[in-house]
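Listing of entry.cif; format and content: mmCIF, C-alpha atoms; chains and numbers go by the auth columns.
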data_data
#
loop_
_atom_site.group_PDB
_atom_site.id
_atom_site.type_symbol
_atom_site.label_atom_id
_atom_site.label_comp_id
_atom_site.label_asym_id
_atom_site.label_seq_id
_atom_site.Cartn_x
_atom_site.Cartn_y
_atom_site.Cartn_z
_atom_site.B_iso_or_equiv
_atom_site.auth_seq_id
_atom_site.auth_asym_id
ATOM 1 C CA MET A 1 63.216 11.386 -73.220 0.00 1 A
ATOM 2 C CA THR A 2 60.586 10.707 -75.882 0.00 2 A
ATOM 3 C CA LYS A 3 60.478 13.176 -78.750 0.00 3 A
ATOM 4 C CA GLY A 4 57.146 14.956 -79.125 0.00 4 A
ATOM 5 C CA PRO A 5 55.556 16.473 -82.219 0.00 5 A
ATOM 6 C CA GLN A 6 56.669 19.714 -83.818 0.00 6 A
ATOM 7 C CA ILE A 7 54.561 22.731 -82.850 0.00 7 A
ATOM 8 C CA SER A 8 53.382 25.030 -85.665 0.00 8 A
ATOM 9 C CA ASP A 9 53.397 28.799 -85.233 0.00 9 A
ATOM 10 C CA VAL A 10 49.584 28.948 -85.331 0.00 10 A
ATOM 11 C CA ALA A 11 49.273 26.319 -82.588 0.00 11 A
ATOM 12 C CA LEU A 12 51.916 28.052 -80.490 0.00 12 A
ATOM 13 C CA MET A 13 50.304 31.479 -80.768 0.00 13 A
ATOM 14 C CA ARG A 14 46.839 30.076 -79.948 0.00 14 A
ATOM 15 C CA PHE A 15 48.256 28.304 -76.892 0.00 15 A
ATOM 16 C CA MET A 16 50.209 31.376 -75.775 0.00 16 A
ATOM 17 C CA ASP A 17 47.008 33.421 -75.732 0.00 17 A
ATOM 18 C CA GLY A 18 46.421 31.978 -72.267 0.00 18 A
ATOM 19 C CA THR A 19 50.066 31.580 -71.182 0.00 19 A
ATOM 20 C CA HIS A 20 52.252 34.230 -69.577 0.00 20 A
ATOM 21 C CA GLY A 21 55.884 34.493 -68.564 0.00 21 A
ATOM 22 C CA MET A 22 57.528 32.184 -71.132 0.00 22 A
ATOM 23 C CA SER A 23 59.299 32.935 -74.383 0.00 23 A
ATOM 24 C CA ALA A 24 57.989 31.403 -77.613 0.00 24 A
ATOM 25 C CA GLY A 25 60.894 28.931 -77.687 0.00 25 A
ATOM 26 C CA GLN A 26 60.371 27.869 -74.076 0.00 26 A
ATOM 27 C CA THR A 27 56.643 27.475 -74.638 0.00 27 A
ATOM 28 C CA ARG A 28 57.209 25.444 -77.827 0.00 28 A
ATOM 29 C CA GLN A 29 59.587 23.061 -75.996 0.00 29 A
ATOM 30 C CA ALA A 30 57.325 22.702 -72.962 0.00 30 A
ATOM 31 C CA LEU A 31 54.260 22.038 -75.101 0.00 31 A
ATOM 32 C CA SER A 32 56.068 19.450 -77.231 0.00 32 A
ATOM 33 C CA ALA A 33 57.290 17.660 -74.089 0.00 33 A
ATOM 34 C CA THR A 34 53.759 17.696 -72.625 0.00 34 A
ATOM 35 C CA LEU A 35 52.317 16.104 -75.771 0.00 35 A
ATOM 36 C CA ALA A 36 55.158 13.596 -76.293 0.00 36 A
ATOM 37 C CA ARG A 37 53.580 10.580 -74.597 0.00 37 A
ATOM 38 C CA ALA A 38 50.217 10.859 -76.373 0.00 38 A
ATOM 39 C CA TYR A 39 51.955 11.652 -79.679 0.00 39 A
ATOM 40 C CA SER A 40 54.160 8.558 -79.394 0.00 40 A
ATOM 41 C CA ALA A 41 51.173 6.364 -78.536 0.00 41 A
ATOM 42 C CA ALA A 42 49.189 7.610 -81.547 0.00 42 A
ATOM 43 C CA CYS A 43 52.166 7.178 -83.878 0.00 43 A
ATOM 44 C CA SER A 44 52.794 3.653 -82.584 0.00 44 A
ATOM 45 C CA ILE A 45 49.386 2.557 -83.903 0.00 45 A
ATOM 46 C CA GLY A 46 49.893 4.282 -87.252 0.00 46 A
ATOM 47 C CA ALA A 47 47.783 7.392 -86.675 0.00 47 A
ATOM 48 C CA THR A 48 48.787 10.411 -88.750 0.00 48 A
ATOM 49 C CA ASP A 49 45.965 12.926 -88.158 0.00 49 A
ATOM 50 C CA PHE A 50 44.548 13.022 -84.633 0.00 50 A
ATOM 51 C CA LEU A 51 43.649 15.134 -81.609 0.00 51 A
ATOM 52 C CA ILE A 52 45.436 15.232 -78.269 0.00 52 A
ATOM 53 C CA THR A 53 43.069 16.676 -75.697 0.00 53 A
ATOM 54 C CA ILE A 54 44.320 18.051 -72.386 0.00 54 A
ATOM 55 C CA ASP A 55 41.818 19.855 -70.178 0.00 55 A
ATOM 56 C CA ARG A 56 39.952 22.231 -72.484 0.00 56 A
ATOM 57 C CA TYR A 57 42.619 22.254 -75.197 0.00 57 A
ATOM 58 C CA SER A 58 42.480 19.937 -78.219 0.00 58 A
ATOM 59 C CA PHE A 59 45.747 19.924 -80.148 0.00 59 A
ATOM 60 C CA VAL A 60 45.241 19.048 -83.827 0.00 60 A
ATOM 61 C CA VAL A 61 48.150 16.886 -85.017 0.00 61 A
ATOM 62 C CA ARG A 62 48.705 16.352 -88.740 0.00 62 A
ATOM 63 C CA GLY A 63 51.723 14.215 -89.490 0.00 63 A
ATOM 64 C CA ASP A 64 54.424 15.318 -87.066 0.00 64 A
ATOM 65 C CA THR A 65 53.124 18.848 -86.453 0.00 65 A
ATOM 66 C CA VAL A 66 50.515 20.372 -84.170 0.00 66 A
ATOM 67 C CA THR A 67 48.741 22.623 -86.658 0.00 67 A
ATOM 68 C CA THR A 68 46.317 24.396 -84.342 0.00 68 A
ATOM 69 C CA VAL A 69 44.701 24.320 -80.926 0.00 69 A
ATOM 70 C CA ILE A 70 40.935 24.096 -80.523 0.00 70 A
ATOM 71 C CA MET A 71 39.719 25.551 -77.244 0.00 71 A
ATOM 72 C CA GLU A 72 36.017 24.847 -77.707 0.00 72 A
ATOM 73 C CA PRO A 73 35.033 21.221 -76.928 0.00 73 A
ATOM 74 C CA ARG A 74 32.175 21.254 -79.435 0.00 74 A
ATOM 75 C CA LEU A 75 34.563 22.303 -82.209 0.00 75 A
ATOM 76 C CA ALA A 76 36.866 19.411 -81.348 0.00 76 A
ATOM 77 C CA CYS A 77 33.914 17.045 -81.769 0.00 77 A
ATOM 78 C CA ARG A 78 33.143 18.586 -85.143 0.00 78 A
ATOM 79 C CA PHE A 79 36.762 18.133 -86.219 0.00 79 A
ATOM 80 C CA MET A 80 36.650 14.436 -85.326 0.00 80 A
ATOM 81 C CA ALA A 81 33.360 13.990 -87.186 0.00 81 A
ATOM 82 C CA LEU A 82 34.821 15.613 -90.286 0.00 82 A
ATOM 83 C CA GLY A 83 37.800 13.273 -90.115 0.00 83 A
ATOM 84 C CA ARG A 84 35.544 10.200 -89.994 0.00 84 A
ATOM 85 C CA ASN A 85 33.461 11.412 -92.947 0.00 85 A
ATOM 86 C CA ARG A 86 36.420 12.313 -95.154 0.00 86 A
ATOM 87 C CA SER A 87 36.305 10.762 -98.634 0.00 87 A
ATOM 88 C CA PRO A 88 39.163 8.391 -99.497 0.00 88 A
ATOM 89 C CA GLN A 89 41.873 10.049 -101.542 0.00 89 A
ATOM 90 C CA ARG A 90 42.372 8.744 -105.065 0.00 90 A
#

Show me this structure written as structure tokens.
Amino acid sequence: MTKGPQISDVALMRFMDGTHGMSAGQTRQALSATLARAYSAACSIGATDFLITIDRYSFVVRGDTVTTVIMEPRLACRFMALGRNRSPQR
């Protein structure tokens, strides 16, 4: 089984807003497993900060952690635009 990204507390709580009947630990494991394939693909091409979008949820991945979940498609587009316009670090 492919290892997925870690899930931050903020991302987990945002995702759980619409989920019922699972403990935080169960939800964290299920979410990580769901994102594993896309996470592995992004990592294999050297991506470190990216979005994984499933249905109306965009999971913001920074390094090996999902830091938040964006549930508004227009906000996900704004996030991607900000990433493209980011100044190089010195």

What's around segment 33-46 of chain A at 10 Å? Count only C-alpha atoms, leave out sequence neighbours fewer than 4 positions away in its own chain, and write the answer as a PDB file with C-alpha atoms, keeping the file's coordinate frame.
ATOM      1  CA  MET A   1      63.216  11.386 -73.220  1.00  0.00           C
ATOM      2  CA  THR A   2      60.586  10.707 -75.882  1.00  0.00           C
ATOM      3  CA  LYS A   3      60.478  13.176 -78.750  1.00  0.00           C
ATOM      4  CA  GLY A   4      57.146  14.956 -79.125  1.00  0.00           C
ATOM      5  CA  PRO A   5      55.556  16.473 -82.219  1.00  0.00           C
ATOM      6  CA  GLN A   6      56.669  19.714 -83.818  1.00  0.00           C
ATOM      7  CA  ILE A   7      54.561  22.731 -82.850  1.00  0.00           C
ATOM      8  CA  THR A  27      56.643  27.475 -74.638  1.00  0.00           C
ATOM      9  CA  ARG A  28      57.209  25.444 -77.827  1.00  0.00           C
ATOM     10  CA  GLN A  29      59.587  23.061 -75.996  1.00  0.00           C
ATOM     11  CA  PHE A  50      44.548  13.022 -84.633  1.00  0.00           C
ATOM     12  CA  LEU A  51      43.649  15.134 -81.609  1.00  0.00           C
ATOM     13  CA  ILE A  52      45.436  15.232 -78.269  1.00  0.00           C
ATOM     14  CA  THR A  53      43.069  16.676 -75.697  1.00  0.00           C
ATOM     15  CA  ILE A  54      44.320  18.051 -72.386  1.00  0.00           C
ATOM     16  CA  PHE A  59      45.747  19.924 -80.148  1.00  0.00           C
ATOM     17  CA  VAL A  61      48.150  16.886 -85.017  1.00  0.00           C
ATOM     18  CA  GLY A  63      51.723  14.215 -89.490  1.00  0.00           C
ATOM     19  CA  ASP A  64      54.424  15.318 -87.066  1.00  0.00           C
ATOM     20  CA  THR A  65      53.124  18.848 -86.453  1.00  0.00           C
ATOM     21  CA  VAL A  66      50.515  20.372 -84.170  1.00  0.00           C
TER      22      VAL A  66
END

Target residues per the PyMOL selection byres ((chain A and resi 25) around 12), formatted as a PDB file with C-alpha atoms, in the frame of the given file:
ATOM      1  CA  GLN A   6      56.669  19.714 -83.818  1.00  0.00           C
ATOM      2  CA  ILE A   7      54.561  22.731 -82.850  1.00  0.00           C
ATOM      3  CA  SER A   8      53.382  25.030 -85.665  1.00  0.00           C
ATOM      4  CA  ASP A   9      53.397  28.799 -85.233  1.00  0.00           C
ATOM      5  CA  LEU A  12      51.916  28.052 -80.490  1.00  0.00           C
ATOM      6  CA  MET A  13      50.304  31.479 -80.768  1.00  0.00           C
ATOM      7  CA  MET A  16      50.209  31.376 -75.775  1.00  0.00           C
ATOM      8  CA  GLY A  21      55.884  34.493 -68.564  1.00  0.00           C
ATOM      9  CA  MET A  22      57.528  32.184 -71.132  1.00  0.00           C
ATOM     10  CA  SER A  23      59.299  32.935 -74.383  1.00  0.00           C
ATOM     11  CA  ALA A  24      57.989  31.403 -77.613  1.00  0.00           C
ATOM     12  CA  GLN A  26      60.371  27.869 -74.076  1.00  0.00           C
ATOM     13  CA  THR A  27      56.643  27.475 -74.638  1.00  0.00           C
ATOM     14  CA  ARG A  28      57.209  25.444 -77.827  1.00  0.00           C
ATOM     15  CA  GLN A  29      59.587  23.061 -75.996  1.00  0.00           C
ATOM     16  CA  ALA A  30      57.325  22.702 -72.962  1.00  0.00           C
ATOM     17  CA  LEU A  31      54.260  22.038 -75.101  1.00  0.00           C
ATOM     18  CA  SER A  32      56.068  19.450 -77.231  1.00  0.00           C
TER      19      SER A  32
END

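Computed from the coordinates, the atom CA of Leu75 of chain A to atom CA of Asp55 of chain A distance equals 14.3 Å.
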
Quiz item: atom CA of Val10 of chain A and atom CA of Cys77 of chain A are how many Å apart?
Solution: 20.0 Å
